[in-house]
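Heads up, start-v8.txt below (compact mmCIF, C-alpha atoms and all ligand atoms):
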# COMPACT_ATOMS: atom_id res chain seq x y z
CA MET A 1 67.49 -6.62 7.25
CA GLN A 2 68.20 -7.92 10.70
CA LEU A 3 67.70 -7.00 14.29
CA GLU A 4 70.91 -6.72 16.24
CA VAL A 5 71.38 -6.52 19.99
CA LYS A 6 74.83 -5.56 21.26
CA ALA A 7 76.10 -5.60 24.85
CA LEU A 8 72.57 -4.85 26.07
CA LYS A 9 72.05 -3.96 29.72
CA SER A 10 68.62 -3.45 31.20
CA GLY A 11 66.42 -4.20 34.19
CA TYR A 12 63.69 -2.90 36.43
CA GLY A 13 64.30 0.49 38.03
CA LYS A 14 67.71 0.26 39.65
CA VAL A 15 67.77 -3.53 39.52
CA GLN A 16 69.94 -4.60 36.60
CA ILE A 17 68.97 -7.98 35.11
CA LEU A 18 70.73 -8.04 31.72
CA HIS A 19 74.51 -7.62 31.95
CA GLY A 20 75.53 -7.35 28.30
CA ILE A 21 73.53 -9.53 25.89
CA ASP A 22 74.42 -9.99 22.20
CA LEU A 23 71.94 -11.41 19.69
CA ILE A 24 71.29 -11.24 15.96
CA ALA A 25 67.88 -12.09 14.49
CA PRO A 26 68.09 -12.27 10.67
CA ALA A 27 65.09 -11.86 8.36
CA GLY A 28 63.51 -15.11 7.19
CA GLU A 29 64.73 -17.12 10.17
CA ILE A 30 63.51 -18.22 13.56
CA THR A 31 66.05 -17.34 16.24
CA ALA A 32 65.61 -19.33 19.45
CA VAL A 33 66.35 -17.99 22.92
CA LEU A 34 66.49 -20.40 25.83
CA GLY A 35 67.79 -20.63 29.35
CA PRO A 36 66.70 -21.46 32.89
CA ASN A 37 63.85 -19.75 34.76
CA GLY A 38 64.79 -16.24 35.74
CA ALA A 39 67.69 -16.05 33.23
CA GLY A 40 66.35 -12.78 31.80
CA LYS A 41 64.72 -14.01 28.57
CA SER A 42 61.48 -12.07 29.06
CA THR A 43 63.43 -9.04 30.25
CA LEU A 44 65.41 -9.16 26.99
CA MET A 45 62.22 -9.35 24.90
CA LYS A 46 60.57 -6.50 26.86
CA THR A 47 63.65 -4.35 26.35
CA ILE A 48 63.82 -5.00 22.59
CA ALA A 49 60.11 -4.17 22.36
CA GLY A 50 60.60 -0.89 24.24
CA HIS A 51 58.68 -1.86 27.38
CA LEU A 52 61.82 -1.47 29.48
CA PRO A 53 64.52 1.19 29.02
CA VAL A 54 67.97 0.35 27.68
CA MET A 55 70.55 0.98 30.43
CA ALA A 56 73.53 0.49 28.09
CA GLY A 57 74.38 -1.19 24.82
CA GLU A 58 72.48 -1.11 21.55
CA ILE A 59 69.46 -2.42 19.73
CA ARG A 60 69.75 -1.76 16.00
CA TYR A 61 67.22 -2.38 13.29
CA ARG A 62 67.51 -1.33 9.64
CA GLY A 63 70.67 0.51 10.59
CA ASN A 64 68.93 2.67 13.23
CA SER A 65 69.31 2.55 16.99
CA LEU A 66 66.05 1.80 18.81
CA ALA A 67 67.31 2.87 22.23
CA GLY A 68 65.03 5.50 23.73
CA HIS A 69 62.17 4.75 21.32
CA THR A 70 58.72 4.12 22.78
CA ALA A 71 57.06 0.72 22.50
CA LEU A 72 54.62 2.19 19.96
CA SER A 73 57.34 3.62 17.76
CA ILE A 74 59.25 0.31 17.86
CA CYS A 75 56.05 -1.40 16.76
CA LYS A 76 55.72 1.14 13.96
CA GLU A 77 59.31 0.42 12.92
CA GLY A 78 58.07 -3.12 12.20
CA ILE A 79 58.83 -5.06 15.38
CA GLY A 80 55.84 -6.93 16.77
CA TYR A 81 55.86 -8.33 20.30
CA VAL A 82 53.65 -11.00 21.86
CA PRO A 83 54.21 -11.00 25.63
CA GLN A 84 53.97 -14.16 27.69
CA GLU A 85 50.97 -13.00 29.72
CA ARG A 86 48.04 -10.58 29.54
CA ASN A 87 48.37 -10.44 25.77
CA VAL A 88 44.69 -10.01 24.81
CA PHE A 89 41.80 -7.86 26.06
CA ALA A 90 39.68 -10.48 27.85
CA GLU A 91 36.44 -8.48 27.78
CA LEU A 92 36.55 -7.73 24.05
CA THR A 93 35.52 -10.03 21.22
CA VAL A 94 38.11 -11.58 18.94
CA ARG A 95 37.28 -9.09 16.20
CA ASP A 96 37.40 -6.11 18.59
CA ASN A 97 40.78 -7.25 19.90
CA LEU A 98 42.07 -7.21 16.33
CA SER A 99 40.45 -3.81 15.69
CA ALA A 100 41.99 -2.39 18.88
CA SER A 101 45.37 -3.63 17.76
CA ALA A 102 44.86 -2.09 14.31
CA LEU A 103 43.99 1.39 15.65
CA ALA A 104 47.48 2.83 15.68
CA PHE A 105 48.68 1.42 12.36
CA GLU A 106 47.96 2.69 8.88
CA GLY A 107 46.41 0.06 6.64
CA ALA A 108 46.06 -2.36 9.55
CA GLY A 109 42.25 -2.47 9.29
CA GLU A 110 42.59 -4.21 5.95
CA ARG A 111 44.90 -6.81 7.45
CA ILE A 112 42.17 -7.98 9.88
CA GLY A 113 40.39 -9.95 7.13
CA GLU A 114 43.72 -11.41 6.01
CA VAL A 115 44.57 -12.49 9.55
CA LEU A 116 41.12 -14.04 10.09
CA ARG A 117 41.64 -16.07 6.90
CA ARG A 118 45.14 -17.14 7.94
CA PHE A 119 43.78 -18.32 11.30
CA PRO A 120 40.37 -19.91 10.54
CA ILE A 121 40.05 -20.80 14.21
CA LEU A 122 39.71 -17.06 14.93
CA GLY A 123 37.44 -16.43 11.95
CA GLU A 124 34.98 -18.94 13.41
CA ARG A 125 35.12 -17.16 16.76
CA ALA A 126 35.19 -13.53 15.61
CA GLY A 127 32.21 -12.55 17.78
CA GLN A 128 33.30 -14.50 20.87
CA LEU A 129 34.76 -12.80 23.96
CA ALA A 130 38.49 -13.42 24.33
CA SER A 131 37.86 -14.50 27.95
CA THR A 132 35.99 -17.54 26.62
CA LEU A 133 38.79 -18.77 24.33
CA SER A 134 40.92 -21.83 25.10
CA GLY A 135 44.60 -21.26 25.88
CA GLY A 136 45.63 -22.16 22.34
CA GLU A 137 42.94 -19.97 20.78
CA ARG A 138 43.92 -17.05 23.01
CA GLN A 139 47.58 -17.40 22.07
CA THR A 140 46.62 -17.54 18.39
CA LEU A 141 44.67 -14.30 18.89
CA ALA A 142 47.66 -12.67 20.59
CA ILE A 143 49.87 -13.57 17.61
CA ALA A 144 47.18 -12.39 15.18
CA MET A 145 46.99 -9.05 17.04
CA ALA A 146 50.72 -8.55 16.50
CA LEU A 147 50.40 -9.50 12.81
CA VAL A 148 47.66 -6.92 12.22
CA ALA A 149 50.33 -4.23 12.62
CA GLY A 150 52.23 -5.75 9.67
CA PRO A 151 55.56 -6.47 11.42
CA ASP A 152 58.78 -7.56 9.72
CA VAL A 153 60.10 -9.00 12.97
CA LEU A 154 57.97 -10.93 15.46
CA ILE A 155 59.01 -11.49 19.07
CA LEU A 156 57.24 -14.42 20.71
CA ASP A 157 57.78 -15.00 24.43
CA GLU A 158 57.07 -18.68 25.16
CA PRO A 159 54.09 -18.75 22.79
CA THR A 160 53.30 -22.45 23.23
CA ALA A 161 53.82 -22.79 27.00
CA GLY A 162 51.17 -25.03 28.49
CA LEU A 163 49.34 -25.62 25.20
CA ALA A 164 47.97 -28.92 23.92
CA PRO A 165 50.29 -30.61 21.36
CA ILE A 166 47.88 -29.88 18.51
CA PHE A 167 48.19 -26.13 19.17
CA VAL A 168 51.96 -26.38 19.54
CA ASP A 169 52.08 -27.98 16.07
CA ARG A 170 49.76 -25.37 14.58
CA ILE A 171 51.61 -22.40 16.02
CA VAL A 172 55.01 -23.81 15.04
CA SER A 173 53.82 -24.37 11.50
CA TRP A 174 52.20 -20.91 11.19
CA VAL A 175 55.33 -19.25 12.46
CA ARG A 176 57.50 -21.35 10.16
CA GLU A 177 55.37 -20.11 7.23
CA LEU A 178 55.83 -16.50 8.35
CA ALA A 179 59.61 -16.98 8.48
CA GLN A 180 59.59 -18.65 5.05
CA ASP A 181 57.79 -15.54 3.77
CA GLY A 182 60.69 -13.43 5.06
CA MET A 183 59.77 -12.46 8.62
CA GLY A 184 62.46 -12.46 11.29
CA VAL A 185 61.22 -14.27 14.40
CA ILE A 186 62.65 -14.37 17.91
CA TRP A 187 61.12 -17.28 19.82
CA VAL A 188 61.70 -17.73 23.55
CA VAL A 189 61.45 -21.49 23.91
CA GLU A 190 59.89 -23.30 26.84
CA GLN A 191 60.23 -26.74 28.38
CA ASN A 192 59.51 -28.79 25.22
CA PRO A 193 61.55 -27.00 22.59
CA GLU A 194 62.23 -29.83 20.11
CA LYS A 195 59.65 -28.78 17.52
CA ILE A 196 60.79 -25.19 17.31
CA LEU A 197 64.51 -25.96 17.55
CA ALA A 198 64.15 -28.28 14.56
CA THR A 199 63.08 -25.32 12.44
CA SER A 200 65.22 -22.54 13.96
CA GLY A 201 68.49 -21.02 12.75
CA THR A 202 70.61 -19.93 15.70
CA ALA A 203 69.92 -20.72 19.36
CA TYR A 204 71.09 -18.37 22.09
CA VAL A 205 71.38 -19.73 25.60
CA VAL A 206 71.03 -17.02 28.23
CA ASP A 207 71.94 -17.37 31.89
CA ALA A 208 71.92 -14.80 34.69
CA GLY A 209 71.50 -11.97 32.18
CA ARG A 210 74.46 -13.00 30.01
CA ASN A 211 75.05 -15.05 26.86
CA SER A 212 76.03 -18.51 27.95
CA GLU A 213 76.31 -20.36 24.61
CA THR A 214 75.33 -19.74 20.99
CA MET A 215 74.94 -22.56 18.49
CA ALA A 216 73.02 -23.85 15.47
CA ALA A 217 69.62 -24.70 16.97
CA LYS A 218 69.49 -28.14 15.35
CA THR A 219 72.60 -29.26 17.24
CA LEU A 220 70.55 -29.07 20.43
CA LEU A 221 68.46 -31.96 19.12
CA GLU A 222 71.40 -34.36 19.40
CA PRO A 223 70.71 -36.80 22.26
CA GLY A 224 71.51 -35.29 25.64
CA ARG A 225 72.81 -31.99 24.18
CA LEU A 226 69.93 -29.82 25.36
CA GLU A 227 70.14 -31.15 28.92
CA GLU A 228 73.91 -30.67 28.85
CA VAL A 229 73.62 -27.03 27.72
CA LEU A 230 70.90 -26.17 30.23
CA LEU A 231 72.61 -27.97 33.10
CA GLN A 232 75.93 -26.24 32.45
CA VAL A 233 74.39 -22.89 33.17
CA HIS A 234 73.56 -23.76 36.78
N1 LIG B 301 58.76 -6.34 37.24
C1 LIG B 301 59.89 -6.81 37.79
N2 LIG B 301 60.51 -6.13 38.78
C2 LIG B 301 61.66 -6.59 39.33
N3 LIG B 301 62.29 -7.73 38.95
C3 LIG B 301 61.71 -8.45 37.97
C4 LIG B 301 60.49 -8.03 37.34
N4 LIG B 301 60.17 -8.96 36.41
C5 LIG B 301 61.14 -9.90 36.44
N5 LIG B 301 62.06 -9.58 37.39
C6 LIG B 301 63.26 -10.39 37.72
O1 LIG B 301 64.11 -10.41 36.59
C7 LIG B 301 64.77 -11.67 36.53
C8 LIG B 301 64.64 -12.22 35.13
O2 LIG B 301 63.26 -12.50 34.90
P1 LIG B 301 62.72 -12.89 33.45
O3 LIG B 301 61.23 -12.97 33.56
O4 LIG B 301 63.30 -11.99 32.44
O5 LIG B 301 63.33 -14.35 33.29
P2 LIG B 301 62.99 -15.48 32.24
O6 LIG B 301 64.28 -16.01 31.77
O7 LIG B 301 62.04 -14.96 31.21
O8 LIG B 301 62.28 -16.55 33.16
P3 LIG B 301 61.08 -17.62 32.87
O9 LIG B 301 61.70 -18.73 32.07
O10 LIG B 301 60.74 -18.06 34.25
O11 LIG B 301 59.98 -16.92 32.17
C9 LIG B 301 64.17 -12.55 37.61
O12 LIG B 301 65.07 -12.57 38.70
C10 LIG B 301 62.90 -11.83 37.98
O13 LIG B 301 62.58 -12.03 39.32
Transcribe the structure of this file into structure tokens.
Ligand SMILES: Nc1ncnc2c1ncn2[C@@H]1O[C@H](COP(=O)(O)OP(=O)(O)OP(=O)(O)O)[C@@H](O)[C@H]1O
Amino acid sequence: MQLEVKALKSGYGKVQILHGIDLIAPAGEITAVLGPNGAGKSTLMKTIAGHLPVMAGEIRYRGNSLAGHTALSICKEGIGYVPQERNVFAELTVRDNLSASALAFEGAGERIGEVLRRFPILGERAGQLASTLSGGERQTLAIAMALVAGPDVLILDEPTAGLAPIFVDRIVSWVRELAQDGMGVIWVVEQNPEKILATSGTAYVVDAGRNSETMAAKTLLEPGRLEEVLLQVH
């Protein structure tokens, strides 16, 4: 069971940003996506999640094409998406954020307790407004909200950007556990990608809306390799 993107073109209105992206995200693996600012990484994630229309190409999951599906139906197919920004309801409590996320999904209410146990940091703050959470706590809540829907694939857009190292470690290890349990994960990596690259399968480098290079993620940990790959794209 894998998610497959083929020759994907997409953008905003008439402005085309992706010019034919290929990517495969297998179950049970973390697939890393990296590239310079403005390369189109978030645009790719938004398109897979159904927040932007497919202009051309394909997104296939479980043998079905997802093109033309709404964001909600893609979520119901089992693809969870945690956007980079505005990913929680600030004026709701932690528990109400999880309940809101559960509304559209059968059986999701029961997963709230499970998620609160998996993330004790949220269990302790269940009655607290999301606006009062730290950056790391908020990001944990955003991931937990996606998990309440019971996804098989999780798309994380720079989930550890700007977080304290302790939260980076926690989130990396939670996500690693999810992948070990069989979930497919697409992780858009940020400036300090070593921790996630060390535990990822394939890394896709994107530049100017196109695939630039694809390699085993661990090879990017060789001295100087990451800089080399990212510099080449300029
Ligand atoms: N809502 C929008 N309307 C028009 N253009 C947009 C919109 N959002 C992003 N873009 C443009 O699309 C291009 C790709 O942006 P995108 O956010 O996908 O890049 P990215 O690789 O995720 O960058 P970053 O690493 O900075 O997050 C950029 O040129 C950006 O200005």
Legend entry - Contacts of segment 13-18 of chain A at 9 Å (only C-alpha atoms; same-chain gap of 6+ positions) as a PyMOL selection string: chain A and resi 39-40+43-44+55+208-210
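The shortest atom-to-atom distance to Ser73 of chain A, with all atoms listed in the file taken into account, belongs to A:Ala149 out of A:Ala149, A:Gly109, A:Gly162, A:Gly11.
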Would you compute, for all listed atoms of ligand LIG 301 (chain B), the axis-aligned bounding box grown by 6 Å on each side, and then report its centre and edge lengths in Å rounded to one decimal, as AutoDock Vina command-line options?
--center_x 61.9 --center_y -12.4 --center_z 35.3 --size_x 18.3 --size_y 24.6 --size_z 20.1
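Among A:Gly20, A:Lys9, A:Arg170, A:Asp96, the residue with the shortest atom-to-atom distance to Pro53 of chain A, counting all atoms listed in the file, is A:Lys9.
Among A:Asp152, A:Glu213, A:Glu124, A:Glu4, the residue with the shortest atom-to-atom distance to Arg95 of chain A, counting all atoms listed in the file, is A:Glu124.
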I'd like a table as JSON lines: residues in chain A with an atom no more than 12 Å from ligand LIG 301 (chain B), each row giving the shortest atom pair and its distance in Å to one decimal, only C-alpha atoms and all ligand atoms counted, sorted by chain and rising residue number.
{"residue": "A:Ser10", "atom": "CA", "partner": "B:LIG301", "partner_atom": "O1", "distance": 9.9}
{"residue": "A:Gly11", "atom": "CA", "partner": "B:LIG301", "partner_atom": "O1", "distance": 7.0}
{"residue": "A:Tyr12", "atom": "CA", "partner": "B:LIG301", "partner_atom": "N2", "distance": 5.1}
{"residue": "A:Gly13", "atom": "CA", "partner": "B:LIG301", "partner_atom": "N2", "distance": 7.7}
{"residue": "A:Lys14", "atom": "CA", "partner": "B:LIG301", "partner_atom": "C2", "distance": 9.1}
{"residue": "A:Val15", "atom": "CA", "partner": "B:LIG301", "partner_atom": "C2", "distance": 6.8}
{"residue": "A:Gln16", "atom": "CA", "partner": "B:LIG301", "partner_atom": "O1", "distance": 8.2}
{"residue": "A:Ile17", "atom": "CA", "partner": "B:LIG301", "partner_atom": "O1", "distance": 5.6}
{"residue": "A:Leu18", "atom": "CA", "partner": "B:LIG301", "partner_atom": "C8", "distance": 8.1}
{"residue": "A:His19", "atom": "CA", "partner": "B:LIG301", "partner_atom": "C8", "distance": 11.3}
{"residue": "A:Val33", "atom": "CA", "partner": "B:LIG301", "partner_atom": "O6", "distance": 9.3}
{"residue": "A:Leu34", "atom": "CA", "partner": "B:LIG301", "partner_atom": "O6", "distance": 7.7}
{"residue": "A:Gly35", "atom": "CA", "partner": "B:LIG301", "partner_atom": "O6", "distance": 6.3}
{"residue": "A:Pro36", "atom": "CA", "partner": "B:LIG301", "partner_atom": "O9", "distance": 5.8}
{"residue": "A:Asn37", "atom": "CA", "partner": "B:LIG301", "partner_atom": "O10", "distance": 3.6}
{"residue": "A:Gly38", "atom": "CA", "partner": "B:LIG301", "partner_atom": "O5", "distance": 3.4}
{"residue": "A:Ala39", "atom": "CA", "partner": "B:LIG301", "partner_atom": "O6", "distance": 3.7}
{"residue": "A:Gly40", "atom": "CA", "partner": "B:LIG301", "partner_atom": "O4", "distance": 3.2}
{"residue": "A:Lys41", "atom": "CA", "partner": "B:LIG301", "partner_atom": "O6", "distance": 3.8}
{"residue": "A:Ser42", "atom": "CA", "partner": "B:LIG301", "partner_atom": "O7", "distance": 3.6}
{"residue": "A:Thr43", "atom": "CA", "partner": "B:LIG301", "partner_atom": "O4", "distance": 3.7}
{"residue": "A:Leu44", "atom": "CA", "partner": "B:LIG301", "partner_atom": "O4", "distance": 6.5}
{"residue": "A:Met45", "atom": "CA", "partner": "B:LIG301", "partner_atom": "O4", "distance": 8.1}
{"residue": "A:Lys46", "atom": "CA", "partner": "B:LIG301", "partner_atom": "O4", "distance": 8.3}
{"residue": "A:Thr47", "atom": "CA", "partner": "B:LIG301", "partner_atom": "O4", "distance": 9.8}
{"residue": "A:His51", "atom": "CA", "partner": "B:LIG301", "partner_atom": "N1", "distance": 10.8}
{"residue": "A:Leu52", "atom": "CA", "partner": "B:LIG301", "partner_atom": "N1", "distance": 9.7}
{"residue": "A:Pro83", "atom": "CA", "partner": "B:LIG301", "partner_atom": "O7", "distance": 10.4}
{"residue": "A:Gln84", "atom": "CA", "partner": "B:LIG301", "partner_atom": "O11", "distance": 8.0}
{"residue": "A:Glu85", "atom": "CA", "partner": "B:LIG301", "partner_atom": "O11", "distance": 10.1}
{"residue": "A:Leu156", "atom": "CA", "partner": "B:LIG301", "partner_atom": "O7", "distance": 11.6}
{"residue": "A:Asp157", "atom": "CA", "partner": "B:LIG301", "partner_atom": "O7", "distance": 8.0}
{"residue": "A:Glu158", "atom": "CA", "partner": "B:LIG301", "partner_atom": "O11", "distance": 7.8}
{"residue": "A:Pro159", "atom": "CA", "partner": "B:LIG301", "partner_atom": "O11", "distance": 11.2}
{"residue": "A:Ala161", "atom": "CA", "partner": "B:LIG301", "partner_atom": "O11", "distance": 10.0}
{"residue": "A:Trp187", "atom": "CA", "partner": "B:LIG301", "partner_atom": "O7", "distance": 11.7}
{"residue": "A:Val188", "atom": "CA", "partner": "B:LIG301", "partner_atom": "O7", "distance": 8.2}
{"residue": "A:Val189", "atom": "CA", "partner": "B:LIG301", "partner_atom": "O9", "distance": 8.6}
{"residue": "A:Glu190", "atom": "CA", "partner": "B:LIG301", "partner_atom": "O9", "distance": 7.2}
{"residue": "A:Gln191", "atom": "CA", "partner": "B:LIG301", "partner_atom": "O9", "distance": 8.9}
{"residue": "A:Val205", "atom": "CA", "partner": "B:LIG301", "partner_atom": "O6", "distance": 10.1}
{"residue": "A:Val206", "atom": "CA", "partner": "B:LIG301", "partner_atom": "O6", "distance": 7.7}
{"residue": "A:Asp207", "atom": "CA", "partner": "B:LIG301", "partner_atom": "O6", "distance": 7.8}
{"residue": "A:Ala208", "atom": "CA", "partner": "B:LIG301", "partner_atom": "C8", "distance": 7.7}
{"residue": "A:Gly209", "atom": "CA", "partner": "B:LIG301", "partner_atom": "C8", "distance": 7.5}
{"residue": "A:Arg210", "atom": "CA", "partner": "B:LIG301", "partner_atom": "O6", "distance": 10.8}
{"residue": "A:Asn211", "atom": "CA", "partner": "B:LIG301", "partner_atom": "O6", "distance": 11.9}
{"residue": "A:Leu230", "atom": "CA", "partner": "B:LIG301", "partner_atom": "O9", "distance": 12.0}
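The closest residue to Glu137 of chain A, picked from A:Thr160, A:Ser173, A:Thr199, A:Asn192 and counting all atoms listed in the file, is A:Thr160.
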Can you list, as a PDB file with C-alpha atoms, keeping the file's coordinate frame, every protein, DNA or RNA residue that comes within 9 Å of Leu3 of chain A when you count all atoms listed in the file, leaving out same-chain residues fewer than 6 positions away?
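The file below, result36.pdb, is the result:
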ATOM      1  CA  LEU A  23      71.940 -11.410  19.690  1.00  0.00           C
ATOM      2  CA  ILE A  24      71.290 -11.240  15.960  1.00  0.00           C
ATOM      3  CA  ALA A  25      67.880 -12.090  14.490  1.00  0.00           C
ATOM      4  CA  PRO A  26      68.090 -12.270  10.670  1.00  0.00           C
ATOM      5  CA  ALA A  27      65.090 -11.860   8.360  1.00  0.00           C
ATOM      6  CA  ILE A  59      69.460  -2.420  19.730  1.00  0.00           C
ATOM      7  CA  ARG A  60      69.750  -1.760  16.000  1.00  0.00           C
ATOM      8  CA  TYR A  61      67.220  -2.380  13.290  1.00  0.00           C
ATOM      9  CA  ARG A  62      67.510  -1.330   9.640  1.00  0.00           C
ATOM     10  CA  GLY A  63      70.670   0.510  10.590  1.00  0.00           C
ATOM     11  CA  VAL A 153      60.100  -9.000  12.970  1.00  0.00           C
ATOM     12  CA  GLY A 184      62.460 -12.460  11.290  1.00  0.00           C
TER      13      GLY A 184
END
Legend entry - Separation of atom CA of Ser134 of chain A from atom CA of Pro151 of chain A, in Å and rounded to one decimal: 25.2 Å
Inset, instruction - In Å, rounded to a single decimal, give me how far atom CA of Ile30 of chain A is from atom CA of Asp169 of chain A. - result: 15.2 Å
Inset, instruction - Mind checking which residues fall within 12 Å of Trp174 of chain A, counting all atoms listed in the file, ignoring those fewer than 3 positions away in the same chain, and posting them as a count of residues only? - result: 24
